[in-house]
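Q: Could you have a look at this structure, given as structure tokens, before my questions?
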Amino acid sequence: MYLGSMKIFLISLMIILASCARAPIPERNQNSRLTSSPPALIDGLDKESFFSTLKSHIAVMKTSGIVHDPMQFGERKISKADYIAALESLLLHEEDWLMWINNHFDFYEVYGKEDWSEVLVTGYYEPRVKGSKINTAEYSQALYSTPADLVTIDLKNFAYKFPKGSKLNVIQGRMVNQTLMPYYSRGDIDQLNGPLQNNPALAWVEPVDAFFIQIQGSGTIVFNETEEIRVGYDNQNGHSYTPIGKFLTEHIPLKEMSMQKIRAHLKTLSLPEQQKIMNKNGSYVFFKKLDGPALTYGGMAVSDGRTIATDSHLYSKGAIAFLDIEEPVFETGDSHDVLLWEKKPRLVFDQDTGGAIKGGGRVDLFFGSDELSAQKAGVMKQMGKLYYLVPKN
């Protein structure tokens with residue numbers, strides 16, 4: 001998947017805790033509205049990271065077929081060309097960028113989780129793990145490329161068959177006697193002598209590492225001190241994503257649930273016990289080898305701390321936004337518990353999406369690929385506020 005897809009298993013846990021979320025957005029034109037109280041525009045990250053991301057973002061937007069044209073913000077529609085022109089004008093105002101944005105952009109607050117602008121923010125990152133080119137006792141789980149028998153159907157080509165407003169996008173399956181059937185589940189694929197056992201593997205890694213790379217959608221596999229490869233999402237088996245944290249509440253209290261604690265618990269189990277839990281998530285991701293940086297759903301390279309994933313059925317890829325959030329701070333580099341939450345608002349780029357990122361009140365923030373990024377992403381489940389920036393008429 002793109003970075004943003006299948007990767008957050010804390011999401012459904014928050015849904016368990018939430019009992020009064022708003023009704024789903026019935027139409028795309030209700031995804032946001034012009035706010036009557038614009039936020040104070042502050043950026044807690046460095047200006048250089050914003051403008052370097054902005055330049056590459058614009059370049060990809062010009063050729064990307066993923067960016068909607070026109071882009072829609074509530075009832076307001078703006079052509080992709082006009083939005084790009086506004087971003088190019090921003091490039092000329094690096095010295096007074098925040099003031100220029102305030103003067104030339106409107107703030108549209110998103111529909112939100114329980115109220116306008118309010119979003120649940122989780123995090124994702126790019127794992128870096130050890131692996132092997134061959135199957136070994138330690139590195140026993142394959143990272144597969146897309147199998148030849150996987151059939152992907154773009155349902156946009158069959159729009160006449162579905163009601164207006166349907167969120168169906170694509171389905172995956174396999175042909176059996178000229179009939180499309182569901183593709184193999186995780187449990188099918190990972191069983192001994194599974195259906196993909198003769199397929200070539202991009203790499204072999206520990207089973208728990210393989211599981212989390214699939215959730216994050218990309219990763220780096222280190223074979224030795226001089227050789228490594230990067231893999232990124234290419235396709236998936238079509239099964240729904242199920243967070244496994246909800247099956248571990250006897251071992252980890254919901255309030256303490258985090259990626260780190262789930263990993264730590266899985267590592268204490270035998271391989272059959274690990275697989276029994278991981279197989280509850282039937283979704284399985286297939287990868288491709290990357291020659292460059294991991295790419296988002298929109299085709300842009302990920303940007304640490306500035307790339308976000310949202311529901312692509314509701315929000316326009318390619319837009320920039322203001323995300324008012326807090327980030328976790330830890331006492332030590334290996335701590336699983338947050339010392340405090342630090343206010344870190346910033347401008348972000350809506351470039352990604354994900355199978356678990358659904359609805360008008362969900363945002364997934366990409367943190368990076370180092371250990372601190374993994375530490376932050378693993379515990380991130382904070383409420384924040386999101387405003388899209390739309391060029392003034």
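Going by the structure tokens order, chains are called A, B, ..., each with residues numbered from 1, while ligands are numbered from 1 in the order shown.
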Name all residues at most 7 Å from Gly219 in chain A (count only C-alpha atoms; drop same-chain ones fewer than 4 positions away) and give them as a ChimeraX atom specification.

A: /A:126-128,213,230-232

Q: Quick one: DSSP helix (DSSP H, G or I) residues in range 173-281 of chain A, as a ChimeraX atom specification?

A: /A:186-190,207-216,244-247,254-256,259-267,271-278

Q: Find the distance between CA of Asp364 in chain A and CA of Glu48 in chain A and write it in Å to one decimal.

A: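 Between CA of Asp364 in chain A and CA of Glu48 in chain A the gap works out to 22.2 Å.
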
Q: For a test of reading the model, state the distance in Å between CA of Ile229 in chain A and CA of Ser335 in chain A, rounded to one decimal.

A: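 Distance between the two atoms: 28.3 Å.
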
Q: Using only C-alpha atoms, which protein or nucleic acid residues come within 12 Å of Lys289 in chain A? Drop anything in the same chain fewer than 6 positions from it, and give the result as a PyMOL selection string.

A: chain A and resi 143-146+201-203+218-221+228-234+295

Q: Report, in Å with one decimal, the straight-line distance from CA of Ala294 in chain A to CA of Pro182 in chain A.

A: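 Computing the Euclidean distance for CA of Ala294 in chain A and CA of Pro182 in chain A yields 28.4 Å.
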
Q: For Lys376 in chain A, please output as a ChimeraX atom specification all residues within 9 Å (counting only C-alpha atoms; exclusion window: fewer than 6 positions along the same chain).

A: /A:123-125,327-330,338,367

Q: Residues within 9 Å of Arg22 in chain A, please, as a PDB file with N, CA and C atoms, in the first residue's frame. Count only C-alpha atoms; anything in the same chain fewer than 4 positions from it doesn't count.

A:
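In the end it all went to part_35.pdb:
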```pdb
ATOM      1  N   GLY A 112     -14.753  16.548  11.038  1.00  0.00           N
ATOM      2  CA  GLY A 112     -14.359  16.175  12.390  1.00  0.00           C
ATOM      3  C   GLY A 112     -14.945  14.877  12.904  1.00  0.00           C
ATOM      4  N   LYS A 113     -14.392  14.434  14.023  1.00  0.00           N
ATOM      5  CA  LYS A 113     -14.817  13.179  14.636  1.00  0.00           C
ATOM      6  C   LYS A 113     -16.080  13.368  15.467  1.00  0.00           C
ATOM      7  N   GLU A 114     -16.037  14.342  16.375  1.00  0.00           N
ATOM      8  CA  GLU A 114     -17.212  14.627  17.199  1.00  0.00           C
ATOM      9  C   GLU A 114     -17.673  16.071  17.067  1.00  0.00           C
ATOM     10  N   ASP A 115     -16.848  16.902  16.442  1.00  0.00           N
ATOM     11  CA  ASP A 115     -17.219  18.285  16.189  1.00  0.00           C
ATOM     12  C   ASP A 115     -16.336  18.802  15.061  1.00  0.00           C
ATOM     13  N   GLY A 361     -13.047  12.341  10.547  1.00  0.00           N
ATOM     14  CA  GLY A 361     -12.314  12.760  11.733  1.00  0.00           C
ATOM     15  C   GLY A 361     -11.070  11.948  12.007  1.00  0.00           C
TER      16      GLY A 361
END
```

Q: Skipping near chain neighbours, those fewer than 3 positions away, what residues fall within 12 Å of Gly44 in chain A using only C-alpha atoms, listed as a ChimeraX atom specification?

A: /A:41,47-50,98,305-306,322-327,342-348

Q: Those selected residues, please, written with N, CA and C atoms and delivered as a short mmCIF file (atom, residue, chain, number, x, y, z; two decimals), in the first residue's frame.

A:
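Result went into out-v2.cif, see below:
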```
data_model
loop_
_atom_site.label_atom_id
_atom_site.label_comp_id
_atom_site.auth_asym_id
_atom_site.auth_seq_id
_atom_site.Cartn_x
_atom_site.Cartn_y
_atom_site.Cartn_z
N LEU A 41 -1.82 30.77 13.13
CA LEU A 41 -0.96 29.93 12.30
C LEU A 41 0.46 29.92 12.87
N LYS A 47 11.36 25.70 8.92
CA LYS A 47 10.85 26.26 7.68
C LYS A 47 11.45 25.55 6.47
N GLU A 48 12.69 25.12 6.56
CA GLU A 48 13.36 24.47 5.42
C GLU A 48 12.64 23.18 5.02
N SER A 49 12.18 22.41 6.01
CA SER A 49 11.50 21.17 5.68
C SER A 49 10.19 21.44 4.96
N PHE A 50 9.52 22.54 5.31
CA PHE A 50 8.27 22.87 4.64
C PHE A 50 8.51 23.22 3.18
N LEU A 98 4.28 32.58 6.74
CA LEU A 98 3.09 32.40 7.56
C LEU A 98 2.12 33.56 7.41
N GLY A 305 7.18 14.18 9.46
CA GLY A 305 6.45 15.15 10.25
C GLY A 305 5.49 16.02 9.48
N ARG A 306 5.46 15.89 8.14
CA ARG A 306 4.60 16.77 7.34
C ARG A 306 3.63 16.03 6.42
N PHE A 322 -3.35 22.86 7.96
CA PHE A 322 -2.76 23.21 9.25
C PHE A 322 -3.25 22.19 10.27
N LEU A 323 -2.30 21.48 10.90
CA LEU A 323 -2.61 20.45 11.88
C LEU A 323 -2.14 20.91 13.25
N ASP A 324 -3.08 21.12 14.15
CA ASP A 324 -2.78 21.58 15.51
C ASP A 324 -2.79 20.36 16.43
N ILE A 325 -1.61 19.89 16.83
CA ILE A 325 -1.51 18.66 17.62
C ILE A 325 -0.45 18.79 18.71
N GLU A 326 -0.41 17.73 19.53
CA GLU A 326 0.66 17.55 20.51
C GLU A 326 1.44 16.30 20.12
N GLU A 327 2.76 16.32 20.39
CA GLU A 327 3.62 15.17 20.13
C GLU A 327 4.11 14.58 21.44
N GLU A 342 3.90 17.46 24.11
CA GLU A 342 4.39 18.80 23.76
C GLU A 342 3.59 19.35 22.57
N LYS A 343 3.12 20.58 22.67
CA LYS A 343 2.35 21.19 21.60
C LYS A 343 3.25 21.39 20.38
N LYS A 344 2.84 20.84 19.21
CA LYS A 344 3.65 20.90 18.01
C LYS A 344 2.76 21.12 16.77
N PRO A 345 2.13 22.29 16.64
CA PRO A 345 1.34 22.55 15.43
C PRO A 345 2.26 22.66 14.22
N ARG A 346 1.73 22.35 13.04
CA ARG A 346 2.55 22.48 11.83
C ARG A 346 1.69 22.45 10.58
N LEU A 347 2.26 22.95 9.49
CA LEU A 347 1.64 22.82 8.18
C LEU A 347 1.95 21.42 7.65
N VAL A 348 0.96 20.79 7.03
CA VAL A 348 1.13 19.42 6.54
C VAL A 348 0.62 19.30 5.11
#
```

Q: Within 10 Å of Asn29 in chain A, counting only C-alpha atoms, which residues show up once you throw out same-chain ones fewer than 5 positions away? Write them as a compact mmCIF listing (two decimals) with N, CA and C atoms, in the first residue's frame, please.

A:
```txt
# COMPACT_ATOMS: atom_id res chain seq x y z
N GLN A 72 -12.02 19.69 -3.94
CA GLN A 72 -13.25 20.13 -3.27
C GLN A 72 -13.03 20.30 -1.78
N PHE A 73 -13.51 21.45 -1.29
CA PHE A 73 -13.45 21.78 0.14
C PHE A 73 -14.85 22.27 0.52
N GLY A 74 -15.65 21.39 1.10
CA GLY A 74 -17.04 21.75 1.35
C GLY A 74 -17.73 22.05 0.03
N GLU A 75 -18.44 23.16 -0.01
CA GLU A 75 -19.11 23.56 -1.25
C GLU A 75 -18.16 24.22 -2.24
N ARG A 76 -16.97 24.57 -1.77
CA ARG A 76 -15.99 25.28 -2.62
C ARG A 76 -15.23 24.30 -3.50
N LYS A 77 -15.15 24.59 -4.78
CA LYS A 77 -14.36 23.81 -5.71
C LYS A 77 -13.31 24.71 -6.34
N LEU A 314 -13.07 11.33 0.86
CA LEU A 314 -13.65 12.55 1.40
C LEU A 314 -12.79 13.78 1.15
N TYR A 315 -11.47 13.63 1.25
CA TYR A 315 -10.57 14.78 1.19
C TYR A 315 -9.65 14.72 -0.01
```

Q: Have a look at A:Gly292, A:Gly333, A:Pro207, A:Gly245 and name the one nearest to Gln275 in chain A; count only C-alpha atoms.

A: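 Of the candidates, the smallest distance to Gln275 in chain A is held by A:Pro207.
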